[in-house]
Amino acid sequence: MSLADLELALSQLLAPDSAVIRQAEQQLQVPFRDPAIVQALIHILAASQQAQIRQLASVLVRRVAVKHWDSLSAEIRDQSKAALLVALGQETEHAVAFNVVEVIGELADTELATEEGWPGLWSFLQSALQSPAVERQELGLMLLGSLSVCAGDKMVEQFAAIAPLFPTCLAMEGVKLPYYALKALAGIAPYVSHFHEAYFREIIPLCITAIDKLLALDEDKGLEGMEILGEVIESEGNTIGGQLTNLLSFILKVGADTNRDKAPRCKALSLLLDLVMTKKSKFLKGNNLLQVIQTLFSVMASPIEDQDEDDDEEETDLLLGYTPQAVASQVLSNLAIEFSHNLIIDPLMALVKDHHLSEVPDVRRACIVAITVVADGCSVYLKLHQLQRLMAVVNAGLSDPNKSVFIAALSAIAEFAVHFQPEISKYTQEMLPRLVQLLVSCLEEATYDKSKTKHVFCAFEMFIEHNEEDVSPYIQQVMDILMLVLAKTTNTDLRELCIQSLGAVATAIKKNISPFFPQIMEAIKPHLAAPAPKEEPSIILLTCIDTLGVLARNVTKEVFQPLALDCVNLCLQFINVSEDPDLRSVVYGLIASISVASPELVTEFLPTLVPILHTSLEEVESTEAADESNFFSNLNGDGESDGDGLEGVNSPDFVMKEDASNCLATLAEETGAAFAPYFDNTYTRIAELLDVPFVPTNVEKAGITALGRLCVSYHKLTEQAGTAEAQLERSSYVAMTIMRATKLSSTTFDRMTAVASLEAIKSLCNELETAALPSDEHFETIFQTVNDFLNLKAACQMSAAGDDEDGATEEKGTEYDHLVVETAGEILPCLAVARGPQSFAPFFNAVLSTILARTAKHCTDAERSFGFGIIAEVLKELETHGQVYGRHLLPVLLNGTSDEDDEVANNAIFGMGIICQFADEDVKGHFPHVLQTLAGGLQKHHKERRVVDNICSAVCRVVLSGADGLPMDQINTHRHSLLQLFTTLLSNVELYELSEGTPPLTDILTVGLQRLQQAA
């Protein structure tokens, strides 16, 4: 095709006639497969007189240049590079120039890595940057920005020459020069900032000033400038140095400025979190957290303006929408997760104390929202030490005449019910009748208030679902209300809320929901019987299917059995009609529930169900394949929109994959041997899903958990089969799962993904015992992984260990940090069982000092409880092989029994009893002191049943271990208090057994009492 014909065909692609466009596309299919098209398009780009043609050619050059570049000869590549620079130098249209610099940037990444390099590029760049003409400087900075992004690692040597230009450009008037200077700086910062820290520290104030000006002149460019500032903050090295105060001041000023539009305020508050998390150590050393919390609270307490009149829910719920108030709440929530409670709760509660009775409703609402959003990150501390104060604030909110305050209080109740278990249950008799009354009031109101009703239902659902044992007295009243509403109302939203609440009730009362099952089915059948949707399903349909799954798991099998076949057929009907991922997700959940209630029935449908589930695990079609099939699409853009490579990756798709993984694991567990033919393919599909780049964390958690569950299921089949071949296959699956789980836990930056991976390992060790360790290598891999977590060396523990640039901080770990360590530590006693006590005993010494460090007085209650608890659990599994540690650990545990925290003392007492049970002669010499300590512990903790139980157990173990040789001469000194202890225990405790074949506690204590009386 000649150049003239090519230009004509390009012009036809821009025609308004679709037939002409299709004809042009067909003509260009063959030429575009030829590498020569690159040079031809560049020629048109440089020579065409029509701006639209040049624009189209620039877009197409971006698409074909990199694809065909390696196929071109060196001579043609040189000619093409020179032609691109010529085209760029003479281009007057910004959109065309932008595409050309993007092409140059992408090619530079390849060309600058060669021995010849691209000499003409540097001379062009320097000429443009040093030109007195503003237009040429803009072009140079635009090119520099592209080079920085695409080939930043090749720019390091050139930085010294261009660095002096940035201060001048940042200070220029107007928009473009400061904007492109910021963009170029951000692109190159990750590669050079570590070597030029002083330069970047000096230029950051200029960047701040430039962004502030951009926000006033061109808000969109100013917002991009703030994004760029975030990239500079996140770059390696001590780039911000002493500028932290200036950065923080600017960000807080913008975020709190009520005269600005909400977009820059929201961006500033988001940037605040990036700054805090990236420079955590410096942030803490500067005592900046108090200022941040106060600013966030003031933003949350400001009025929400410019609301859509129809957006009633956003108006009343501070956690919804993209508003400064909502973003500030989210930032505070993240701070509570990422910082220890002692840094967040004290200043926050001081604000709440001072303002929760304010005359301004927005301020009262902010107080309640503040304590709500920190509930997740600081749940342990809050429920143990602040719950009464929190409930007082929330109770006041439930009586507040202002709707937004009232709804905030309802949201708080829902969150507290989830995060403050079991302590919140003591408020059930006070709170549940009140929620039921609020429910009735909402339903009786003449005008239906959607937002208010939704929040009342949500609070009711969460509270009843998470307080299972205490809700029985209210169930009949609740069911009467819900069923009456379903019988009378046609309001779809209200019916959905009622049906969802029925699922919460079923979860709470389990099999006791069975008498209500026929009545519930009559209410939801009309929605399930409606024609299956071919497109997007209704929310109420999804709710009905989800609730049916909850019911299937909780009603008795006899009650559900008559409907089981109909439910399976219903699932298949929905699957056959619709591929909607939301619908598939709830259907897969229902299938899993049916398999629990009726495994024999589901077994018959495995040949149909399993392939469908496998298909749902397949990777989303790559965007590269989509682009190939529609090469000439989207040719009319402005040239400045870049894809992120993840278009088409749909969040509901991945939720569906999560639910498909869970469903397959459940089917394997429930159908047993019938699932064996599908096991290998299922394992492979889920493993491949975990290998997808950028797979969401929820899929990672579900996937690694499912692999562990599959291994446990296969182990049970192997035990039944008993063949060497089956055992070999089991070992293969277990080995692959261990390697995946240890790698994922160590490399993920998401703590809950790490927890899920560690839980999978723990489950394997618990369920498979010796079969969980196919080889010494796998034991050593698990043990090293646990050791790394205990020493805060995993990727997700980087913030807990301190910033790289500053070393560890004095800040205590967060509750999420502790959860990760605790989960890892819980693997140790499981490993002791799987490895065998004699073989594991020497390995315990390698981690003991790290665990003991967590029992120190300066550690948190949770850390001390964990330390003593893990020591006790491991010693229990080591039995007599742990005697070597007895003499060293007994004093530590004796000291722990006097801890002010009941849980810490409880675990120390348990550990001390274990040491005494398997004591050698040296430890037995300390029995009088042990018994005296236990006597004191009984007096101190007599109101705590768990502690009393463990004291009983410890005394039992002491007497059992030394019943025939208690050092009575040494005991005589404390005979009176010990007689009182034994008598008290015998009169107050029930029968205990240490292990199979061991006499009950009362019998053993009677022996001890007789010995003491004889000594008297």
# chains A, B, ... in the order shown; residues from 1 in each chain; ligands from 1
>>> residues_around(residues="Pro531 of chain A", least_positions_apart="6", cutoff="10 Å", atoms="only C-alpha atoms", output="short mmCIF file (atom, residue, chain, number, x, y, z; two decimals) with N, CA and C atoms, in the first residue's frame")
data_model
loop_
_atom_site.label_atom_id
_atom_site.label_comp_id
_atom_site.auth_asym_id
_atom_site.auth_seq_id
_atom_site.Cartn_x
_atom_site.Cartn_y
_atom_site.Cartn_z
N GLN A 573 -31.28 -23.84 37.04
CA GLN A 573 -32.07 -22.95 36.19
C GLN A 573 -31.42 -21.57 36.11
N PHE A 574 -31.04 -21.03 37.24
CA PHE A 574 -30.39 -19.71 37.24
C PHE A 574 -29.06 -19.75 36.48
N VAL A 577 -29.60 -19.82 32.66
CA VAL A 577 -30.21 -18.64 32.05
C VAL A 577 -29.28 -17.42 32.08
#
>>> residues_around(residues="Leu290 of chain A", least_positions_apart="5", cutoff="10 Å", atoms="only C-alpha atoms", output="list in words")
Leu284, Thr295, Leu296, Leu343, Ile344, Asp346, Pro347 and Leu348 of chain A
>>> residues_around(residues="Ile851 of chain A", least_positions_apart="5", cutoff="8 Å", atoms="only C-alpha atoms", output="mmCIF file with N, CA and C atoms, in the first residue's frame")
data_model
loop_
_atom_site.group_PDB
_atom_site.id
_atom_site.type_symbol
_atom_site.label_atom_id
_atom_site.label_comp_id
_atom_site.auth_asym_id
_atom_site.auth_seq_id
_atom_site.Cartn_x
_atom_site.Cartn_y
_atom_site.Cartn_z
ATOM 1 N N LEU A 790 7.442 -14.366 63.779
ATOM 2 C CA LEU A 790 7.684 -14.011 65.175
ATOM 3 C C LEU A 790 8.702 -12.882 65.303
ATOM 4 N N GLY A 867 2.360 -14.876 74.583
ATOM 5 C CA GLY A 867 3.640 -15.492 74.936
ATOM 6 C C GLY A 867 3.481 -16.641 75.909
ATOM 7 N N ILE A 870 1.403 -19.666 74.203
ATOM 8 C CA ILE A 870 2.125 -20.519 73.243
ATOM 9 C C ILE A 870 3.135 -21.396 73.963
ATOM 10 N N ILE A 871 3.812 -20.836 74.958
ATOM 11 C CA ILE A 871 4.755 -21.654 75.737
ATOM 12 C C ILE A 871 4.024 -22.838 76.358
#
>>> atom_distance(atom1="atom CA of Ala161 of chain A", atom2="atom CA of Tyr191 of chain A")
15.3 Å
>>> residues_around(residues="Ala328 of chain A", least_positions_apart="3", cutoff="9 Å", atoms="only C-alpha atoms", output="count of residues only")
15
>>> residues_around(residues="Cys916 of chain A", least_positions_apart="2", cutoff="7 Å", atoms="only C-alpha atoms", output="list of chain:residue names")
A:Met912, A:Gly913, A:Ile914, A:Phe918, A:Ala919, A:Arg957, A:Val958, A:Ser961
>>> select_by_dssp(residues="segment 706-888 of chain A", states="alpha helix (DSSP H)", output="PyMOL selection string")
chain A and resi 706-721+724-747+751-768+776-790+798-801+815-825+827-835+837-853+861-878+883-888
>>> write_last_selection(atoms="C-alpha atoms", output="short mmCIF file (atom, residue, chain, number, x, y, z; two decimals), in the first residue's frame")
data_model
loop_
_atom_site.label_atom_id
_atom_site.label_comp_id
_atom_site.auth_asym_id
_atom_site.auth_seq_id
_atom_site.Cartn_x
_atom_site.Cartn_y
_atom_site.Cartn_z
CA ALA A 706 -9.75 -23.83 49.65
CA LEU A 707 -6.49 -25.61 48.79
CA GLY A 708 -5.97 -26.41 52.47
CA ARG A 709 -9.53 -27.71 52.79
CA LEU A 710 -9.09 -29.84 49.67
CA CYS A 711 -5.95 -31.42 51.14
CA VAL A 712 -7.79 -32.27 54.35
CA SER A 713 -10.62 -33.83 52.33
CA TYR A 714 -8.18 -35.83 50.24
CA HIS A 715 -6.41 -36.98 53.39
CA LYS A 716 -9.64 -38.48 54.68
CA LEU A 717 -10.11 -40.33 51.39
CA THR A 718 -6.53 -41.55 51.56
CA GLU A 719 -7.03 -42.88 55.07
CA GLN A 720 -10.05 -44.83 53.83
CA ALA A 721 -8.24 -46.16 50.76
CA ALA A 724 0.53 -46.38 48.85
CA GLU A 725 -0.47 -44.64 45.62
CA ALA A 726 -3.12 -42.56 47.39
CA GLN A 727 -0.66 -41.61 50.12
CA LEU A 728 1.87 -40.52 47.50
CA GLU A 729 -0.71 -38.31 45.78
CA ARG A 730 -1.71 -36.85 49.13
CA SER A 731 1.90 -36.00 49.88
CA SER A 732 2.18 -34.24 46.54
CA TYR A 733 -0.89 -32.06 47.15
CA VAL A 734 0.16 -31.28 50.72
CA ALA A 735 3.68 -30.37 49.60
CA MET A 736 2.37 -27.98 46.93
CA THR A 737 -0.04 -26.38 49.39
CA ILE A 738 2.62 -25.88 52.03
CA MET A 739 4.97 -24.23 49.55
CA ARG A 740 2.20 -21.98 48.23
CA ALA A 741 0.94 -21.03 51.68
CA THR A 742 4.37 -20.27 53.11
CA LYS A 743 5.33 -18.19 50.06
CA LEU A 744 2.04 -16.28 49.99
CA SER A 745 2.09 -15.58 53.72
CA SER A 746 5.67 -14.29 53.56
CA THR A 747 5.33 -12.12 50.44
CA ARG A 751 -2.13 -9.05 56.73
CA MET A 752 -5.42 -10.92 56.45
CA THR A 753 -4.12 -12.82 53.41
CA ALA A 754 -1.11 -13.78 55.50
CA VAL A 755 -3.44 -14.90 58.30
CA ALA A 756 -5.49 -17.03 55.88
CA SER A 757 -2.30 -18.66 54.56
CA LEU A 758 -1.03 -19.40 58.06
CA GLU A 759 -4.44 -20.77 59.04
CA ALA A 760 -4.27 -23.14 56.07
CA ILE A 761 -0.90 -24.43 57.30
CA LYS A 762 -2.22 -24.80 60.85
CA SER A 763 -5.26 -26.69 59.59
CA LEU A 764 -3.06 -29.12 57.68
CA CYS A 765 -0.89 -29.78 60.72
CA ASN A 766 -3.94 -30.20 62.96
CA GLU A 767 -5.88 -32.51 60.67
CA LEU A 768 -3.10 -34.50 59.01
CA ASP A 776 12.11 -32.52 56.45
CA GLU A 777 12.27 -29.73 53.89
CA HIS A 778 8.62 -28.92 54.37
CA PHE A 779 8.94 -28.93 58.15
CA GLU A 780 11.92 -26.58 57.92
CA THR A 781 10.05 -24.30 55.50
CA ILE A 782 7.08 -24.00 57.83
CA PHE A 783 9.27 -23.54 60.90
CA GLN A 784 11.34 -20.83 59.21
CA THR A 785 8.17 -19.07 58.07
CA VAL A 786 6.84 -19.06 61.64
CA ASN A 787 10.18 -17.83 62.94
CA ASP A 788 10.17 -14.99 60.40
CA PHE A 789 6.71 -13.90 61.50
CA LEU A 790 7.68 -14.01 65.18
CA MET A 798 7.20 -4.02 57.45
CA SER A 799 5.34 -1.22 59.22
CA ALA A 800 5.36 -3.16 62.49
CA ALA A 801 9.13 -3.55 62.26
CA GLU A 815 -4.07 -5.37 66.87
CA TYR A 816 -3.81 -6.60 63.28
CA ASP A 817 -0.04 -6.92 63.67
CA HIS A 818 -0.59 -9.00 66.78
CA LEU A 819 -3.16 -11.18 65.01
CA VAL A 820 -0.60 -12.11 62.37
CA VAL A 821 2.03 -13.01 64.97
CA GLU A 822 -0.51 -14.90 67.07
CA THR A 823 -1.67 -16.98 64.10
CA ALA A 824 1.91 -17.84 63.21
CA GLY A 825 2.72 -18.79 66.79
CA ILE A 827 1.33 -23.28 64.35
CA LEU A 828 4.13 -24.24 66.75
CA PRO A 829 2.16 -26.69 68.96
CA CYS A 830 0.64 -28.16 65.78
CA LEU A 831 4.14 -28.66 64.39
CA ALA A 832 5.16 -30.34 67.64
CA VAL A 833 2.38 -32.89 67.10
CA ALA A 834 3.12 -33.36 63.40
CA ARG A 835 6.88 -33.65 63.88
CA PRO A 837 7.67 -34.25 70.56
CA GLN A 838 11.14 -35.75 70.69
CA SER A 839 12.11 -34.45 67.26
CA PHE A 840 10.53 -31.02 67.74
CA ALA A 841 11.93 -30.29 71.23
CA PRO A 842 15.34 -28.95 70.05
CA PHE A 843 13.67 -26.63 67.50
CA PHE A 844 11.61 -24.95 70.20
CA ASN A 845 14.79 -23.44 71.60
CA ALA A 846 15.28 -21.47 68.36
CA VAL A 847 12.09 -19.45 68.90
CA LEU A 848 11.82 -19.50 72.69
CA SER A 849 13.75 -16.28 73.32
CA THR A 850 11.56 -14.42 70.81
CA ILE A 851 8.41 -15.71 72.49
CA LEU A 852 9.72 -14.92 75.98
CA ALA A 853 10.41 -11.35 74.86
CA ASP A 861 -1.75 -7.59 77.59
CA ALA A 862 -2.40 -9.40 74.30
CA GLU A 863 1.31 -9.97 73.70
CA ARG A 864 1.91 -11.30 77.19
CA SER A 865 -1.12 -13.56 76.97
CA PHE A 866 0.12 -14.87 73.63
CA GLY A 867 3.64 -15.49 74.94
CA PHE A 868 2.56 -17.47 77.99
CA GLY A 869 -0.16 -19.28 76.04
CA ILE A 870 2.13 -20.52 73.24
CA ILE A 871 4.76 -21.65 75.74
CA ALA A 872 2.10 -23.65 77.60
CA GLU A 873 0.62 -25.20 74.44
CA VAL A 874 4.02 -26.27 73.09
CA LEU A 875 5.12 -27.73 76.43
CA LYS A 876 1.85 -29.65 76.58
CA GLU A 877 2.67 -31.34 73.26
CA LEU A 878 6.33 -31.93 74.16
CA GLN A 883 11.61 -31.14 80.80
CA VAL A 884 14.80 -29.51 79.57
CA TYR A 885 12.97 -26.17 79.51
CA GLY A 886 11.23 -26.59 82.88
CA ARG A 887 13.85 -25.11 85.18
CA HIS A 888 14.30 -22.07 82.91
#
>>> residues_around(residues="segment 401-414 of chain A", least_positions_apart="4", cutoff="8 Å", atoms="only C-alpha atoms", output="PyMOL selection string")
chain A and resi 315-318+361-362+364-365+368-369+371-372+394-395+397+418+452+455-456+458-463
>>> residues_around(residues="segment 658-665 of chain A", least_positions_apart="5", cutoff="7 Å", atoms="only C-alpha atoms", output="PDB file with C-alpha atoms, in the first residue's frame")
ATOM      1  CA  SER A 585     -22.043 -15.955  43.545  1.00  0.00           C
ATOM      2  CA  TYR A 588     -22.774 -21.087  44.443  1.00  0.00           C
ATOM      3  CA  GLY A 589     -23.308 -20.260  48.099  1.00  0.00           C
ATOM      4  CA  ALA A 592     -22.601 -25.299  49.094  1.00  0.00           C
ATOM      5  CA  LEU A 613     -17.734 -24.136  38.907  1.00  0.00           C
ATOM      6  CA  SER A 616     -16.127 -19.733  36.765  1.00  0.00           C
ATOM      7  CA  LEU A 617     -12.546 -20.035  37.992  1.00  0.00           C
ATOM      8  CA  ILE A 686      -7.771 -22.946  42.080  1.00  0.00           C
ATOM      9  CA  ASN A 698     -10.242 -11.761  48.826  1.00  0.00           C
ATOM     10  CA  VAL A 699      -9.608 -14.300  46.055  1.00  0.00           C
ATOM     11  CA  ALA A 702     -10.414 -17.903  49.509  1.00  0.00           C
ATOM     12  CA  GLY A 703      -8.051 -19.749  47.165  1.00  0.00           C
ATOM     13  CA  ALA A 706      -9.753 -23.827  49.647  1.00  0.00           C
ATOM     14  CA  ARG A 709      -9.531 -27.710  52.787  1.00  0.00           C
ATOM     15  CA  LEU A 710      -9.086 -29.844  49.669  1.00  0.00           C
TER      16      LEU A 710
END
